[in-house]
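J.: I am sharing query-v3.cif, which consists of mmCIF, C-alpha atoms:
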```
data_work
#
loop_
_atom_site.label_atom_id
_atom_site.label_comp_id
_atom_site.auth_asym_id
_atom_site.auth_seq_id
_atom_site.Cartn_x
_atom_site.Cartn_y
_atom_site.Cartn_z
CA MET B 319 45.19 5.96 -42.87
CA ILE B 320 43.47 6.82 -39.62
CA LEU B 321 44.00 3.30 -38.34
CA ARG B 322 47.71 3.71 -38.94
CA LEU B 323 47.65 7.02 -37.08
CA ALA B 324 45.79 5.46 -34.20
CA LEU B 325 48.28 2.65 -33.93
CA THR B 326 51.18 5.06 -34.07
CA LEU B 327 49.71 7.27 -31.40
CA ALA B 328 48.85 4.26 -29.27
CA LEU B 329 52.54 3.44 -29.12
CA PHE B 330 53.08 6.75 -27.40
CA GLN B 331 50.51 6.05 -24.72
CA SER B 332 52.51 4.36 -22.02
CA PRO B 333 51.01 3.34 -18.68
CA PRO B 334 51.31 6.16 -16.14
CA HIS B 335 53.64 4.28 -13.83
CA LEU B 336 56.00 3.61 -16.70
CA THR B 337 55.97 7.18 -17.95
CA ALA B 338 56.78 8.42 -14.46
CA GLN B 339 59.77 6.11 -14.30
CA ASN B 340 61.14 6.62 -17.77
CA GLY B 341 60.16 10.25 -18.26
CA VAL B 342 63.67 11.54 -17.87
CA THR B 343 65.06 8.93 -20.24
CA ARG B 344 62.88 10.35 -23.02
CA LEU B 345 64.58 13.73 -22.84
CA PRO B 346 68.18 13.24 -24.06
CA GLY B 347 68.33 14.23 -27.70
CA ARG B 348 65.00 16.01 -27.45
CA VAL B 349 65.99 18.98 -25.27
CA PRO B 350 69.15 21.12 -25.33
CA ALA B 351 71.99 19.39 -23.53
CA ALA B 352 72.60 22.56 -21.51
CA ALA B 353 69.08 22.37 -20.07
CA LEU B 354 69.10 18.67 -19.30
CA PRO B 355 70.70 18.68 -15.82
CA ALA B 356 68.36 21.39 -14.51
CA ILE B 357 65.31 19.68 -15.97
CA ASP B 358 66.42 16.35 -14.52
CA SER B 359 66.64 17.91 -11.11
CA ILE B 360 63.21 19.57 -11.38
CA ILE B 361 61.61 16.29 -12.39
CA ALA B 362 63.46 14.45 -9.62
CA ALA B 363 62.11 16.99 -7.12
CA ALA B 364 58.56 16.45 -8.36
CA ALA B 365 58.95 12.68 -8.05
CA ALA B 366 60.36 13.04 -4.54
CA GLU B 367 57.26 15.06 -3.58
CA SER B 368 54.94 12.47 -5.15
CA LEU B 369 53.80 14.98 -7.73
CA PRO B 370 52.98 13.86 -11.26
CA THR B 371 56.07 14.13 -13.43
CA GLU B 372 54.52 13.55 -16.85
CA PRO B 373 53.34 17.18 -17.25
CA LEU B 374 56.91 18.31 -16.65
CA VAL B 375 58.33 15.82 -19.12
CA GLN B 376 55.77 16.98 -21.67
CA LYS B 377 56.68 20.61 -21.07
CA ALA B 378 60.37 19.81 -21.59
CA LEU B 379 59.63 17.87 -24.79
CA GLU B 380 57.46 20.73 -26.01
CA GLY B 381 60.21 23.24 -25.39
CA GLY B 382 62.74 21.06 -27.17
CA ALA B 383 60.46 20.62 -30.18
CA LYS B 384 59.92 24.39 -30.36
CA ASN B 385 63.67 25.06 -30.09
CA ILE B 386 63.13 27.16 -26.98
CA PRO B 387 66.47 28.41 -25.58
CA ALA B 388 67.73 26.41 -22.64
CA ASP B 389 67.17 29.05 -19.96
CA ARG B 390 63.58 29.73 -20.97
CA LEU B 391 62.93 26.04 -21.32
CA VAL B 392 64.13 25.38 -17.77
CA ASN B 393 62.00 28.28 -16.50
CA GLY B 394 58.96 26.84 -18.25
CA VAL B 395 59.46 23.45 -16.64
CA ARG B 396 60.10 25.05 -13.25
CA LYS B 397 56.88 27.05 -13.58
CA GLY B 398 55.12 23.76 -14.20
CA LEU B 399 56.52 22.35 -10.96
CA LEU B 400 55.26 25.38 -9.05
CA GLN B 401 51.80 24.95 -10.52
CA LEU B 402 51.79 21.29 -9.53
CA ARG B 403 52.71 22.19 -5.97
CA GLN B 404 49.97 24.82 -5.86
CA ALA B 405 47.53 22.35 -7.34
CA ARG B 406 48.27 19.74 -4.73
CA ALA B 407 47.79 22.28 -1.98
CA ILE B 408 44.39 23.20 -3.41
CA VAL B 409 43.28 19.59 -3.73
CA SER B 410 44.52 18.77 -0.23
CA HIS B 411 42.60 21.72 1.15
CA ALA B 412 39.45 20.88 -0.79
CA VAL B 413 39.48 17.21 0.17
CA PRO B 414 41.34 16.96 3.48
CA GLY B 415 42.50 13.65 4.84
CA GLN B 416 43.11 12.03 1.46
CA THR B 417 46.23 11.61 -0.60
CA PRO B 418 45.53 13.74 -3.67
CA PRO B 419 45.36 11.56 -6.78
CA GLU B 420 47.99 12.50 -9.35
CA GLY B 421 45.30 12.90 -11.99
CA HIS B 422 43.47 15.46 -9.85
CA VAL B 423 46.66 17.38 -9.21
CA ALA B 424 47.55 17.44 -12.91
CA ALA B 425 44.03 18.57 -13.84
CA VAL B 426 44.12 21.38 -11.31
CA ALA B 427 47.56 22.49 -12.49
CA ALA B 428 46.21 22.62 -16.06
CA ALA B 429 43.26 24.72 -14.86
CA LEU B 430 45.61 27.12 -13.11
CA ALA B 431 47.60 27.40 -16.34
CA ARG B 432 44.36 28.31 -18.11
CA GLY B 433 43.88 31.16 -15.67
CA LEU B 434 41.38 29.84 -13.13
CA SER B 435 41.89 31.15 -9.62
CA GLY B 436 42.61 28.89 -6.68
CA PRO B 437 39.31 29.61 -4.88
CA ILE B 438 37.21 28.82 -7.96
CA VAL B 439 39.13 25.58 -8.48
CA GLU B 440 38.72 24.61 -4.83
CA ARG B 441 35.01 25.32 -4.93
CA LEU B 442 34.47 23.08 -7.93
CA ILE B 443 36.49 20.25 -6.39
CA THR B 444 34.58 20.53 -3.12
CA ALA B 445 31.28 20.25 -5.02
CA ALA B 446 32.29 16.86 -6.45
CA PRO B 447 35.17 15.50 -4.36
CA ASP B 448 34.90 11.94 -5.64
CA GLU B 449 34.95 12.79 -9.32
CA SER B 450 37.68 13.69 -11.74
CA PRO B 451 37.74 17.48 -11.66
CA GLY B 452 39.08 17.93 -15.20
CA PRO B 453 35.83 18.48 -17.13
CA ALA B 454 34.33 20.88 -14.57
CA LEU B 455 37.56 22.84 -14.41
CA HIS B 456 37.83 23.08 -18.18
CA ALA B 457 34.18 24.12 -18.38
CA ALA B 458 34.85 26.88 -15.85
CA ALA B 459 37.97 27.94 -17.72
CA ASP B 460 35.94 28.04 -20.97
CA LEU B 461 33.39 30.33 -19.34
CA VAL B 462 36.01 32.62 -17.84
CA ALA B 463 37.80 32.77 -21.20
CA HIS B 464 34.54 34.05 -22.68
CA ARG B 465 34.35 36.86 -20.11
CA PHE B 466 31.79 35.31 -17.81
CA ASP B 467 32.11 36.18 -14.16
CA PRO B 468 34.16 33.38 -12.52
CA ASP B 469 31.93 33.05 -9.45
CA SER B 470 28.76 33.00 -11.53
CA ALA B 471 30.34 30.43 -13.82
CA ALA B 472 31.20 28.23 -10.86
CA ASP B 473 27.64 28.62 -9.51
CA LEU B 474 26.23 27.44 -12.81
CA LEU B 475 28.52 24.41 -13.00
CA VAL B 476 27.82 23.37 -9.41
CA GLU B 477 24.11 23.58 -10.14
CA ALA B 478 24.56 21.57 -13.33
CA HIS B 479 26.38 18.92 -11.32
CA ASN B 480 23.63 18.89 -8.71
CA LYS B 481 21.11 18.33 -11.49
CA GLY B 482 22.96 15.27 -12.72
CA LEU B 483 25.36 16.46 -15.39
CA ARG B 484 28.73 14.76 -15.24
CA GLY B 485 32.00 14.63 -17.11
CA VAL B 486 32.12 16.12 -20.58
CA ARG B 487 28.45 17.10 -20.34
CA LEU B 488 29.66 19.95 -18.14
CA LEU B 489 31.56 21.23 -21.16
CA ASP B 490 28.21 21.43 -22.95
CA VAL B 491 27.01 23.82 -20.23
CA ALA B 492 29.83 26.21 -21.05
CA THR B 493 29.16 25.83 -24.77
CA ALA B 494 25.46 26.57 -24.26
CA ALA B 495 26.26 29.72 -22.28
CA ASP B 496 28.60 30.90 -25.00
CA HIS B 497 25.93 30.27 -27.64
CA GLU B 498 23.42 32.29 -25.62
CA LEU B 499 25.92 35.11 -25.39
CA GLN B 500 26.38 35.17 -29.16
CA ARG B 501 22.70 34.86 -29.98
CA PRO B 502 21.47 37.64 -32.30
CA GLY B 503 19.82 40.40 -30.34
CA GLY B 504 22.45 40.28 -27.67
CA ARG B 505 22.26 38.86 -24.19
CA SER B 506 24.40 40.03 -21.34
CA PRO B 507 26.62 37.40 -19.71
CA SER B 508 24.35 37.23 -16.67
CA GLU B 509 21.29 36.81 -18.92
CA ALA B 510 23.05 34.06 -20.84
CA LEU B 511 23.94 32.21 -17.64
CA ALA B 512 20.38 32.60 -16.33
CA HIS B 513 19.00 31.20 -19.57
CA VAL B 514 21.26 28.16 -19.41
CA ARG B 515 20.47 27.65 -15.73
CA ALA B 516 16.78 27.53 -16.64
CA MET B 517 17.33 24.77 -19.17
CA LEU B 518 19.41 22.55 -16.87
CA PRO B 519 19.99 19.67 -17.11
CA ASN B 520 18.85 19.65 -20.73
CA VAL B 521 21.64 21.57 -22.35
CA PRO B 522 22.17 20.71 -26.00
CA ALA B 523 24.76 18.09 -26.85
CA PRO B 524 27.21 18.79 -29.65
CA ALA B 525 26.10 18.11 -33.19
CA ARG B 526 26.32 14.53 -34.26
CA ARG B 527 29.16 13.62 -36.60
CA PRO B 528 28.01 13.08 -40.18
CA MET I 627 33.62 -49.39 -107.80
CA SER I 628 32.74 -50.05 -111.45
CA PRO I 629 33.06 -47.11 -113.84
CA VAL I 630 29.82 -45.43 -114.89
CA ASP I 631 28.80 -46.03 -118.46
CA PRO I 632 29.77 -42.93 -120.51
CA ARG I 633 26.31 -42.72 -121.99
CA LEU I 634 24.71 -42.71 -118.55
CA GLN I 635 27.25 -40.12 -117.40
CA GLU I 636 26.36 -37.89 -120.37
CA ALA I 637 22.66 -38.23 -119.58
CA LEU I 638 23.25 -37.34 -115.92
CA ASP I 639 25.33 -34.36 -117.05
CA GLY I 640 22.47 -33.23 -119.28
CA GLU I 641 24.49 -33.78 -122.45
CA ARG I 642 22.33 -36.61 -123.75
CA ASP I 643 18.59 -37.13 -123.81
CA PRO I 644 17.74 -39.92 -121.30
CA GLY I 645 15.16 -41.22 -123.82
CA ASP I 646 18.00 -42.26 -126.13
CA LEU I 647 19.45 -44.60 -123.51
CA PRO I 648 18.98 -48.32 -123.66
CA ALA I 649 16.39 -49.71 -121.31
CA ASP I 650 18.86 -50.92 -118.64
CA LEU I 651 20.68 -47.59 -118.56
CA ARG I 652 17.42 -45.68 -118.52
CA GLU I 653 16.38 -47.61 -115.41
CA ALA I 654 19.75 -46.81 -113.75
CA TYR I 655 19.33 -43.17 -114.74
CA THR I 656 15.90 -43.09 -113.07
CA ARG I 657 17.34 -44.54 -109.83
CA PHE I 658 20.20 -41.98 -109.81
CA ILE I 659 17.78 -39.08 -110.26
CA ALA I 660 15.50 -40.38 -107.48
CA ALA I 661 18.49 -40.74 -105.13
CA ALA I 662 19.66 -37.23 -105.95
CA LYS I 663 16.23 -35.81 -105.14
CA LEU I 664 16.18 -37.70 -101.86
CA LEU I 665 19.57 -36.31 -100.84
CA THR I 666 18.57 -32.72 -101.57
CA ALA I 667 15.31 -33.14 -99.62
CA THR I 668 16.95 -34.57 -96.42
CA PRO I 669 19.22 -32.37 -94.18
CA ARG I 670 22.74 -33.59 -94.09
CA ILE I 671 23.61 -35.18 -90.72
CA SER I 672 27.25 -35.87 -89.95
CA VAL I 673 28.44 -38.85 -87.99
CA ALA I 674 29.59 -36.62 -85.17
CA SER I 675 26.19 -34.99 -84.92
CA ARG I 676 24.50 -38.32 -84.73
CA VAL I 677 26.90 -39.49 -81.98
CA MET I 678 26.34 -36.35 -79.92
CA ALA I 679 22.61 -36.70 -80.31
CA GLU I 680 22.86 -40.20 -78.92
CA VAL I 681 24.92 -38.96 -75.96
CA ARG I 682 22.47 -36.18 -75.18
CA GLN I 683 19.63 -38.59 -75.35
CA GLU I 684 21.27 -40.85 -72.79
CA ALA I 685 22.11 -37.91 -70.52
CA ALA I 686 18.55 -36.70 -70.63
CA ALA I 687 17.38 -40.14 -69.75
CA ALA I 688 19.80 -40.25 -66.80
CA HIS I 689 18.63 -36.84 -65.59
CA ARG I 690 15.13 -38.13 -65.39
CA GLY I 691 16.30 -40.60 -62.77
CA ASN I 692 16.07 -40.16 -59.01
CA VAL I 693 17.93 -36.90 -58.26
CA ALA I 694 18.13 -37.51 -54.52
CA ARG I 695 19.62 -40.93 -55.00
CA ARG I 696 22.23 -39.62 -57.38
CA LEU I 697 23.05 -36.78 -54.96
CA VAL I 698 23.62 -39.23 -52.11
CA ARG I 699 25.78 -41.36 -54.36
CA TRP I 700 27.78 -38.30 -55.42
CA LEU I 701 28.32 -37.21 -51.82
CA GLY I 702 29.74 -40.60 -51.00
CA GLN I 703 32.22 -40.60 -53.84
CA PRO I 704 35.76 -39.29 -53.55
CA VAL I 705 36.23 -36.02 -55.41
CA THR I 706 39.43 -34.81 -56.95
CA VAL I 707 39.80 -31.02 -56.97
CA ARG I 708 42.36 -29.57 -59.31
CA LEU I 709 43.59 -26.07 -58.49
CA ARG I 710 46.10 -23.87 -60.21
CA PRO I 711 48.41 -22.03 -57.73
CA VAL I 712 47.56 -18.62 -59.15
CA TRP I 713 43.84 -19.13 -58.64
CA THR I 714 44.42 -20.64 -55.20
CA LEU I 715 46.28 -17.49 -54.10
CA ALA I 716 43.60 -15.25 -55.54
CA LEU I 717 40.94 -17.25 -53.75
CA ALA I 718 42.85 -17.00 -50.45
CA ALA I 719 43.29 -13.24 -50.86
CA GLY I 720 39.59 -12.78 -51.55
CA LEU I 721 38.65 -14.87 -48.52
CA ALA I 722 41.03 -12.90 -46.31
CA ALA I 723 39.54 -9.64 -47.54
CA VAL I 724 36.04 -10.83 -46.74
CA LEU I 725 37.05 -11.98 -43.26
CA LEU I 726 39.34 -9.13 -42.27
CA VAL I 727 37.77 -6.01 -43.76
CA PRO I 728 35.26 -4.54 -41.30
CA TRP I 729 31.75 -4.22 -42.63
CA GLY I 730 28.99 -1.80 -41.86
CA PRO I 731 28.36 1.91 -42.27
CA ASN I 732 31.15 2.90 -39.86
CA SER I 733 34.08 0.95 -41.13
CA GLY I 734 36.57 3.58 -39.97
CA PRO I 735 38.66 3.29 -36.83
CA THR I 736 37.04 1.98 -33.71
CA PRO I 737 38.27 3.93 -30.73
CA GLY I 738 38.41 2.27 -27.35
CA VAL I 739 36.23 3.32 -24.44
CA ALA I 740 38.85 5.78 -23.20
CA GLN I 741 39.54 7.18 -26.65
CA GLY I 742 37.84 9.51 -29.05
CA ILE I 743 38.18 10.83 -32.57
CA ALA I 744 39.87 14.17 -33.06
CA ASN I 745 39.49 16.26 -36.21
CA PHE I 746 42.13 18.80 -37.10
CA VAL I 747 41.29 21.39 -39.72
CA GLY I 748 43.30 24.44 -40.72
CA HIS I 749 43.21 26.99 -43.53
CA PHE I 750 46.74 27.39 -44.82
CA PRO I 751 46.62 28.44 -48.47
CA GLY I 752 49.87 27.90 -50.28
CA ALA I 753 51.36 25.73 -47.56
CA ARG I 754 53.52 22.84 -48.68
CA SER I 755 52.99 20.78 -45.53
CA VAL I 756 51.04 20.98 -42.29
CA GLU I 757 51.38 18.68 -39.32
CA VAL I 758 50.03 18.51 -35.79
CA VAL I 759 52.46 18.27 -32.91
CA GLY I 760 51.27 18.01 -29.35
CA SER I 761 51.17 16.27 -26.03
CA PHE I 762 49.43 13.25 -27.59
CA ASN I 763 52.54 12.42 -29.61
CA ASP I 764 55.23 13.61 -27.20
CA TRP I 765 55.59 16.76 -29.30
CA SER I 766 57.27 14.66 -31.98
CA ARG I 767 57.48 15.87 -35.54
CA GLY I 768 56.43 13.78 -38.49
CA MET I 769 53.76 11.78 -36.69
CA LEU I 770 50.47 13.32 -37.78
CA HIS I 771 50.30 15.12 -41.12
CA LEU I 772 47.32 17.01 -42.41
CA SER I 773 46.38 16.64 -46.06
CA ASP I 774 44.91 18.95 -48.66
CA ASN I 775 43.99 16.64 -51.48
CA ASP I 776 42.04 19.13 -53.55
CA GLY I 777 44.49 21.99 -53.13
CA ASP I 778 41.93 24.43 -51.74
CA GLY I 779 44.15 25.40 -48.82
CA ILE I 780 42.04 23.60 -46.23
CA TRP I 781 44.13 20.98 -44.52
CA HIS I 782 42.59 18.10 -42.59
CA ALA I 783 43.53 15.14 -40.45
CA GLU I 784 41.61 12.77 -38.22
CA ALA I 785 43.09 10.67 -35.45
CA VAL I 786 42.07 8.46 -32.57
CA LEU I 787 43.39 10.01 -29.36
CA PRO I 788 43.08 9.24 -25.67
CA ALA I 789 40.08 11.00 -24.16
CA GLY I 790 40.94 14.13 -22.24
CA PRO I 791 42.81 17.39 -22.78
CA HIS I 792 45.67 17.70 -25.26
CA GLU I 793 47.81 20.72 -26.02
CA TYR I 794 49.00 21.04 -29.60
CA MET I 795 50.10 23.33 -32.40
CA PHE I 796 50.25 23.19 -36.17
CA VAL I 797 53.65 23.23 -37.81
CA VAL I 798 53.40 24.74 -41.28
CA ASP I 799 56.06 24.03 -43.90
CA GLY I 800 58.18 22.37 -41.27
CA GLU I 801 59.15 25.58 -39.49
CA ARG I 802 56.24 27.85 -38.61
CA TRP I 803 54.44 27.03 -35.33
CA VAL I 804 50.84 28.18 -35.46
CA PRO I 805 48.00 27.78 -32.96
CA ASP I 806 44.84 26.21 -34.35
CA PRO I 807 42.57 29.17 -35.10
CA LEU I 808 39.52 26.93 -34.72
CA ALA I 809 40.52 25.36 -31.42
CA GLY I 810 38.44 27.68 -29.25
CA ARG I 811 40.63 26.92 -26.24
CA TYR I 812 44.15 28.17 -25.70
CA VAL I 813 46.69 28.07 -22.94
CA ASP I 814 49.93 29.97 -22.48
CA ASP I 815 52.83 27.67 -23.25
CA GLY I 816 54.77 28.92 -20.22
CA PHE I 817 58.01 29.73 -22.00
CA GLY I 818 57.71 33.45 -21.50
CA ALA I 819 57.16 34.66 -25.05
CA GLY I 820 53.40 34.88 -24.79
CA GLN I 821 52.89 32.04 -27.25
CA GLN I 822 49.75 29.99 -26.81
CA ASN I 823 49.11 26.33 -27.42
CA SER I 824 45.76 25.19 -28.71
CA LEU I 825 43.81 22.99 -26.34
CA LEU I 826 41.70 20.09 -27.50
CA ILE I 827 39.46 18.09 -25.16
CA VAL I 828 38.74 14.73 -26.72
CA ARG I 829 35.45 13.22 -25.65
CA PRO I 830 35.49 9.51 -24.92
CA VAL I 831 33.79 7.45 -27.57
CA SER I 832 30.89 6.77 -25.20
CA ALA I 833 30.17 10.51 -25.00
CA GLN I 834 30.96 11.43 -28.60
CA PRO I 835 28.07 12.44 -30.78
#
```
Could you show the structure in this file as structure tokens?
T.:
Amino acid sequence: MILRLALTLALFQSPPHLTAQNGVTRLPGRVPAAALPAIDSIIAAAAAESLPTEPLVQKALEGGAKNIPADRLVNGVRKGLLQLRQARAIVSHAVPGQTPPEGHVAAVAAALARGLSGPIVERLITAAPDESPGPALHAAADLVAHRFDPDSAADLLVEAHNKGLRGVRLLDVATAADHELQRPGGRSPSEALAHVRAMLPNVPAPARRP
Amino acid sequence: MSPVDPRLQEALDGERDPGDLPADLREAYTRFIAAAKLLTATPRISVASRVMAEVRQEAAAAHRGNVARRLVRWLGQPVTVRLRPVWTLALAAGLAAVLLVPWGPNSGPTPGVAQGIANFVGHFPGARSVEVVGSFNDWSRGMLHLSDNDGDGIWHAEAVLPAGPHEYMFVVDGERWVPDPLAGRYVDDGFGAGQQNSLLIVRPVSAQP
């Protein structure tokens, strides 16, 4: 069964350049007809600014699937465009002189949607300018979602990076901090972060699948 | 065949004392009795049994010959194989199964380097159907259904997904959109009603435990 699911899902994974081109063509029939012209124009604006369009297409498809009314659906997609613009500004500021990769911009926009502030995002990108910022940003967003101080969370992740942790291993740093916070006996957030900092880079990996 | 003398027949049947027979008949009687005893003492061997015994004897003698020489001779001879279509198809199906079915302890799906395995679990007692809809399937309905085979209300599905973040929601009974209570990560869906999508970060297979 899972093989069939994998094959089905694989059909939906189109190469990025193709999805950017045919994104709009996937919308008719999936979003309210009343919303289609406005959404088309938002996506066209993103493409004209060399912003990634797939997040906007996904947001429109999501709204259509959820039967969101046309006006709210258009607002949701427009909000996505604004986040992409803000994201590109942050990436351009963090790594000046380079054309921001679309993947970086999309990852930063997703982090902004999760509630990370621009300065925290910029700091994490600056710490590892040549790497995909997604995992570090999600790790920071995980920590902030669990009420850790955003600056302290960023400090911890930068230190973890400096000690060799990369990619999804940064997510394990956030998980370890959360576990320390929930440990019986009670640790304060700052104590939990200090404890994880002391164990770097040897934070526990997730449990192995049975 | 000449008929048996009635007096001899009576003696053989026990109806006449053999001592009353004339000398020539008494001698014949003695030969008959001796032959009868011989027949009862010797096991009866049919013609077929004797023929088969001869055949087995020859086969055993042949088997004692040079096995290697006979093997070489057999390899050099043309062989006619007779197959029935039904058995040929069964043989082909069995061979295909052996060749195509993956072996080993992990004979499930094999995700690519940039993919990982995602598990979806939800507790929806009494639900008639549960499916996952998200960015990994273009928010399309009917693509990824959870199952609850034992009817305990715990629904489950497993899928190979591209590594990275994916927003999703459960759709219960085809109409109720529910965030995954076990997701641990959530993000506002941006449509202004305060609804949150669940967020799943799929680890690439190289980093999956």
J.: Mind running chain I against chain B at 10 Å and telling me each contacting residue's nearest atom pair with the distance in Å (one decimal), counting only C-alpha atoms, chain and number ascending, as JSON lines?
T.:
```
{"residue": "I:Gly734", "atom": "CA", "partner": "B:Leu321", "partner_atom": "CA", "distance": 7.6}
{"residue": "I:Pro735", "atom": "CA", "partner": "B:Leu321", "partner_atom": "CA", "distance": 5.5}
{"residue": "I:Thr736", "atom": "CA", "partner": "B:Leu321", "partner_atom": "CA", "distance": 8.5}
{"residue": "I:Pro737", "atom": "CA", "partner": "B:Ala324", "partner_atom": "CA", "distance": 8.4}
{"residue": "I:Gln741", "atom": "CA", "partner": "B:Ala324", "partner_atom": "CA", "distance": 10.0}
{"residue": "I:Ile743", "atom": "CA", "partner": "B:Ala324", "partner_atom": "CA", "distance": 9.5}
{"residue": "I:Val759", "atom": "CA", "partner": "B:Ala383", "partner_atom": "CA", "distance": 8.8}
{"residue": "I:Gly760", "atom": "CA", "partner": "B:Glu380", "partner_atom": "CA", "distance": 7.5}
{"residue": "I:Ser761", "atom": "CA", "partner": "B:Gln376", "partner_atom": "CA", "distance": 6.4}
{"residue": "I:Phe762", "atom": "CA", "partner": "B:Leu327", "partner_atom": "CA", "distance": 7.1}
{"residue": "I:Asn763", "atom": "CA", "partner": "B:Phe330", "partner_atom": "CA", "distance": 6.1}
{"residue": "I:Asp764", "atom": "CA", "partner": "B:Gln376", "partner_atom": "CA", "distance": 6.5}
{"residue": "I:Trp765", "atom": "CA", "partner": "B:Glu380", "partner_atom": "CA", "distance": 5.5}
{"residue": "I:Ser766", "atom": "CA", "partner": "B:Ala383", "partner_atom": "CA", "distance": 7.0}
{"residue": "I:Arg767", "atom": "CA", "partner": "B:Ala383", "partner_atom": "CA", "distance": 7.8}
{"residue": "I:Met769", "atom": "CA", "partner": "B:Thr326", "partner_atom": "CA", "distance": 7.7}
{"residue": "I:Leu770", "atom": "CA", "partner": "B:Leu323", "partner_atom": "CA", "distance": 6.9}
{"residue": "I:His771", "atom": "CA", "partner": "B:Leu323", "partner_atom": "CA", "distance": 9.4}
{"residue": "I:Ala783", "atom": "CA", "partner": "B:Ile320", "partner_atom": "CA", "distance": 8.4}
{"residue": "I:Glu784", "atom": "CA", "partner": "B:Ile320", "partner_atom": "CA", "distance": 6.4}
{"residue": "I:Ala785", "atom": "CA", "partner": "B:Ile320", "partner_atom": "CA", "distance": 5.7}
{"residue": "I:Val786", "atom": "CA", "partner": "B:Ala324", "partner_atom": "CA", "distance": 5.0}
{"residue": "I:Leu787", "atom": "CA", "partner": "B:Ala324", "partner_atom": "CA", "distance": 7.1}
{"residue": "I:Pro788", "atom": "CA", "partner": "B:Gln331", "partner_atom": "CA", "distance": 8.1}
{"residue": "I:Gly790", "atom": "CA", "partner": "B:Gly452", "partner_atom": "CA", "distance": 8.2}
{"residue": "I:Pro791", "atom": "CA", "partner": "B:Gly452", "partner_atom": "CA", "distance": 8.5}
{"residue": "I:Glu793", "atom": "CA", "partner": "B:Glu380", "partner_atom": "CA", "distance": 9.7}
{"residue": "I:Tyr794", "atom": "CA", "partner": "B:Glu380", "partner_atom": "CA", "distance": 9.2}
{"residue": "I:Val797", "atom": "CA", "partner": "B:Lys384", "partner_atom": "CA", "distance": 9.8}
{"residue": "I:Glu801", "atom": "CA", "partner": "B:Lys384", "partner_atom": "CA", "distance": 9.2}
{"residue": "I:Arg802", "atom": "CA", "partner": "B:Lys384", "partner_atom": "CA", "distance": 9.7}
{"residue": "I:Trp803", "atom": "CA", "partner": "B:Lys384", "partner_atom": "CA", "distance": 7.9}
{"residue": "I:Gly810", "atom": "CA", "partner": "B:Asp460", "partner_atom": "CA", "distance": 8.7}
{"residue": "I:Arg811", "atom": "CA", "partner": "B:Asp460", "partner_atom": "CA", "distance": 7.1}
{"residue": "I:Tyr812", "atom": "CA", "partner": "B:Arg432", "partner_atom": "CA", "distance": 7.6}
{"residue": "I:Val813", "atom": "CA", "partner": "B:Arg432", "partner_atom": "CA", "distance": 5.4}
{"residue": "I:Asp814", "atom": "CA", "partner": "B:Ala431", "partner_atom": "CA", "distance": 7.1}
{"residue": "I:Asp815", "atom": "CA", "partner": "B:Gly394", "partner_atom": "CA", "distance": 8.0}
{"residue": "I:Gly816", "atom": "CA", "partner": "B:Gly394", "partner_atom": "CA", "distance": 5.1}
{"residue": "I:Phe817", "atom": "CA", "partner": "B:Gly394", "partner_atom": "CA", "distance": 4.8}
{"residue": "I:Gly818", "atom": "CA", "partner": "B:Arg390", "partner_atom": "CA", "distance": 7.0}
{"residue": "I:Ala819", "atom": "CA", "partner": "B:Arg390", "partner_atom": "CA", "distance": 9.1}
{"residue": "I:Leu825", "atom": "CA", "partner": "B:Arg432", "partner_atom": "CA", "distance": 9.8}
{"residue": "I:Ile827", "atom": "CA", "partner": "B:His456", "partner_atom": "CA", "distance": 8.7}
{"residue": "I:Val828", "atom": "CA", "partner": "B:Val486", "partner_atom": "CA", "distance": 9.1}
{"residue": "I:Arg829", "atom": "CA", "partner": "B:Val486", "partner_atom": "CA", "distance": 6.7}
{"residue": "I:Pro830", "atom": "CA", "partner": "B:Val486", "partner_atom": "CA", "distance": 8.6}
{"residue": "I:Ala833", "atom": "CA", "partner": "B:Val486", "partner_atom": "CA", "distance": 7.4}
{"residue": "I:Gln834", "atom": "CA", "partner": "B:Arg526", "partner_atom": "CA", "distance": 7.9}
{"residue": "I:Pro835", "atom": "CA", "partner": "B:Arg526", "partner_atom": "CA", "distance": 4.4}
```
J.: If the PyMOL selection byres ((chain B and resi 484) around 10) is run on the structure shown, which residues does it catch, given as a list of chain:residue names?
T.: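 After applying the PyMOL selection byres ((chain B and resi 484) around 10), what remains is B:Ala446, B:Glu449, B:Ser450, B:Pro453, B:Ala454, B:Leu475, B:Ala478, B:His479, B:Asn480, B:Lys481, B:Gly482, B:Leu483, B:Gly485, B:Val486, B:Arg487, B:Leu488, B:Leu489.
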J.: Could you check how far CA of Pro522 (chain B) sits from CA of Asp467 (chain B), in Å to one decimal?
T.: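 Calculated distance between CA of Pro522 (chain B) and CA of Asp467 (chain B) is 21.9 Å.
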J.: Build an axis-aligned box that encloses every atom of region 450-461 of chain B listed in the file, pad it by 5 Å on each side, and report its centre and edge lengths in Å to one decimal, as JSON.
T.:
```
{"center_x": 36.2, "center_y": 22.0, "center_z": -16.3, "size_x": 15.7, "size_y": 26.6, "size_z": 19.3}
```
J.: Counting all atoms listed in the file, what is within 12 Å of Val747 (chain I), bar same-chain residues fewer than 5 positions away, as a PyMOL selection string?
T.: chain I and resi 756-758+771-774+779-785+795-796+805-809
J.: What would the selection look like, as a compact mmCIF listing (two decimals) with C-alpha atoms, in the frame of the given file, if the PyMOL selection byres ((chain B and resi 420) around 9) were run on the coordinates I just shared?
T.:
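Output saved as part.txt:
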```txt
# COMPACT_ATOMS: atom_id res chain seq x y z
CA SER B 368 54.94 12.47 -5.15
CA LEU B 369 53.80 14.98 -7.73
CA PRO B 370 52.98 13.86 -11.26
CA ARG B 406 48.27 19.74 -4.73
CA THR B 417 46.23 11.61 -0.60
CA PRO B 418 45.53 13.74 -3.67
CA PRO B 419 45.36 11.56 -6.78
CA GLY B 421 45.30 12.90 -11.99
CA HIS B 422 43.47 15.46 -9.85
CA VAL B 423 46.66 17.38 -9.21
CA ALA B 424 47.55 17.44 -12.91
CA ALA B 425 44.03 18.57 -13.84
```
